[in-house]
Structure formats: structure tokens, C-alpha cells
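Novice: Right, I'll just put the structure down here and ask away after.
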Protein chains: 2
Amino acid sequence: MEQNESTHTKCPIEKTMSVIGGKWTFLIIRELFYKTRRFGELERSLKGISPRTLSLRLKELEDESIIKREVFSEIPPHVEYSLTDKGQSLLPIFNAMKEWGNTWDVSGKD
Amino acid sequence: MEQNESTHTKCPIEKTMSVIGGKWTFLIIRELFYKTRRFGELERSLKGISPRTLSLRLKELEDESIIKREVFSEIPPHVEYSLTDKGQSLLPIFNAMKEWGNTWDVSGKD
């Protein structure tokens, strides 16, 4: 990292941020630390997200093996999303962010 | 956090992400963990950033008390940027991100 400071370098921090840094992405991951969720539950938790955006973000996270998608062939069928081991291993990052956010004031322009 | 899952809630994770989550922002912070930097040094390290964007991001980080800006009245005068205690306290987050990025493969669409 010290040697190669270009933004195109695959710095591990950049790699991680490319996975979790999106506006909705880290909120979806945060929801799934609590428990497995259905699509509609995620949609209700993440107020303001469009179903299309939620689908896209879930697909990206699935492609990145952060979450897994399970289809239950009941009547009616339903789909559940949960974190994989790779996704669960993001917990120390989220815990560190939680601790920092609880410690410091933020002006919060968003 | 469990009770209030709206994106408008001041969840500590959201607070933190609002400070470090920007594309260039976390890269600027990353540079400053190494050492104090001048504007031109940051510009060269962050290949592709425009001077205007770098100025804006530095100002935001200064407003948020993550970095401090010191003017040295030498000839020629110069300005140095460094992390405050609040900024330094982000280190556990960056270390956790670094460890995760070193552990897992990322498809890296960016």
C-alpha cells in the first residue's frame, strides 16, 4: 500500500470499500447481521429504497458471495437472504464503525 | 439500531459511513495515516483526483474535525494536512478493512 498509492492499485482497503461502500449496500449488510430476511422485510427496513435498487444491490452482494439467496418452494414460495461466512466476516469492520460513531459527534450533512 | 432501521436514523454505522464513505474521502484519510502531507503530495498520491475535488474533500474533513490544516509562513508558504485525534481514531476501522481485503477475493467491478 505504501509503495503504490494509485487509486487503481488493489489496496485491500479499497477492495473492502468497493464491496461495502455503496449507499444502500452497507445498510443491507447491517440488516442481515441481525438475521435472515425476506425481500419484503428488507424493503420495509430500508425506507426509501426502490425494489429495483434493492434487487440490484442484493444481486451484487450475491455475486460477491457476501450474501446467499435461498428459495423455499412452499406455497406461496419465498426467498430468504442471509450472510455467507465471507459476509459475516465483515462484522469487525461494522463493529469498529459502530464504536466510532457512538464515540464521536458527526455534523451529518447527509 | 434494532428499533429504528430507517436510513434517516442516526445509526452509528451510518454516521461513520457518512464521514469516511466517499470515493476520495477514505483514500485521503488512508494517505494521512502514514504521515502529514502537503496538498501537492496528496494530489500526486491520489491519481486522477482534480485539485477542486481534493480541496472540497479536505474542507469537508476539516469541517468534520477529522483533519487539521496548518499554514507555515515560510517563503514560499506551504500548508500541511494531518489527522486530528478524531481522525486517528478511525484507524481500527481501516485496519479491519485492510485485514478483510487481504483475506478475501473481491471481483472488483470498480
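Labels used: A, B, ... for chains in the order of the C-alpha cells, numbers from 1 for residues in each chain, and numbers from 1 for ligands as shown.
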Within 12 Å of region 99-104 of chain A, counting only C-alpha atoms, which residues qualify if same-chain residues fewer than 3 places away don't, as an NGL selection string?

Specialist: (:A and (92-96 or 107-108)) or (:B and (1 or 10-20 or 64-66 or 85-94))

Novice: As a VMD selection string, please: the residues near region 69-71 of chain A (cut-off 6 Å, only C-alpha atoms, same-chain neighbours under 3 positions excluded).

Specialist: chain A and resid 78 to 81

Novice: Which residues, written as an MDAnalysis selection string, have at least one atom at most 12 Å from Ile28 (chain A), with only C-alpha atoms counted and residues fewer than 4 positions away on the same chain left out?

Specialist: (chainID A and resid 19:24 32:39 41:47 49 53:62 66:67 81:83 87) or (chainID B and resid 5:7 14)

Novice: For chain A, which residue out of B:Ile75, B:Pro51, B:Met97, B:Asp105 is the nearest one, using only C-alpha atoms?

Specialist: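 Among the listed residues, B:Met97 lies closest to chain A.
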
Novice: Which parts of chain B does DSSP call helix (DSSP H, G or I) when run on the backbone here, written out as a ChimeraX atom specification?

Specialist: /B:12-20,25-34,39-45,51-63,85-88,91-103

Novice: I need the strand (DSSP E or B) residues of chain A per DSSP on the backbone, written as number ranges by chain.

Specialist: A: 37-38, 67-72, 78-83

Novice: What would the file look like if the residues just selected were written as a PDB file, in the first residue's frame with C-alpha atoms?

Specialist:
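The result, stored in out_9.pdb:
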ATOM      1  CA  ARG A  37     -34.517 -11.623   5.879  1.00  0.00           C
ATOM      2  CA  ARG A  38     -37.058 -11.861   3.115  1.00  0.00           C
ATOM      3  CA  ILE A  67     -24.936 -12.983   0.871  1.00  0.00           C
ATOM      4  CA  LYS A  68     -26.723 -16.144  -0.164  1.00  0.00           C
ATOM      5  CA  ARG A  69     -30.214 -16.400  -1.555  1.00  0.00           C
ATOM      6  CA  GLU A  70     -32.379 -19.373  -0.674  1.00  0.00           C
ATOM      7  CA  VAL A  71     -35.642 -20.168  -2.398  1.00  0.00           C
ATOM      8  CA  PHE A  72     -38.246 -22.013  -0.332  1.00  0.00           C
ATOM      9  CA  HIS A  78     -40.497 -17.254  -0.709  1.00  0.00           C
ATOM     10  CA  VAL A  79     -36.870 -16.207  -0.843  1.00  0.00           C
ATOM     11  CA  GLU A  80     -34.576 -15.591   2.109  1.00  0.00           C
ATOM     12  CA  TYR A  81     -31.320 -13.673   2.169  1.00  0.00           C
ATOM     13  CA  SER A  82     -28.560 -14.283   4.683  1.00  0.00           C
ATOM     14  CA  LEU A  83     -24.872 -13.568   5.092  1.00  0.00           C
TER      15      LEU A  83
END

Novice: Which value, in Å to one decimal, gives the distance between CA of Ile29 (chain B) and CA of Val106 (chain A)?

Specialist: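 Separating CA of Ile29 (chain B) from CA of Val106 (chain A) is a distance of 16.0 Å.
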
Novice: Could you check which of B:Pro76, B:Gly48, B:Thr84, B:Thr25 is closest to chain A, using only C-alpha atoms?

Specialist: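 Among the listed residues, B:Gly48 lies closest to chain A.
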
Novice: Take CA of Gly40 (chain A) and CA of Lys98 (chain A) and report the distance between them in Å, one decimal.

Specialist: 25.7 Å
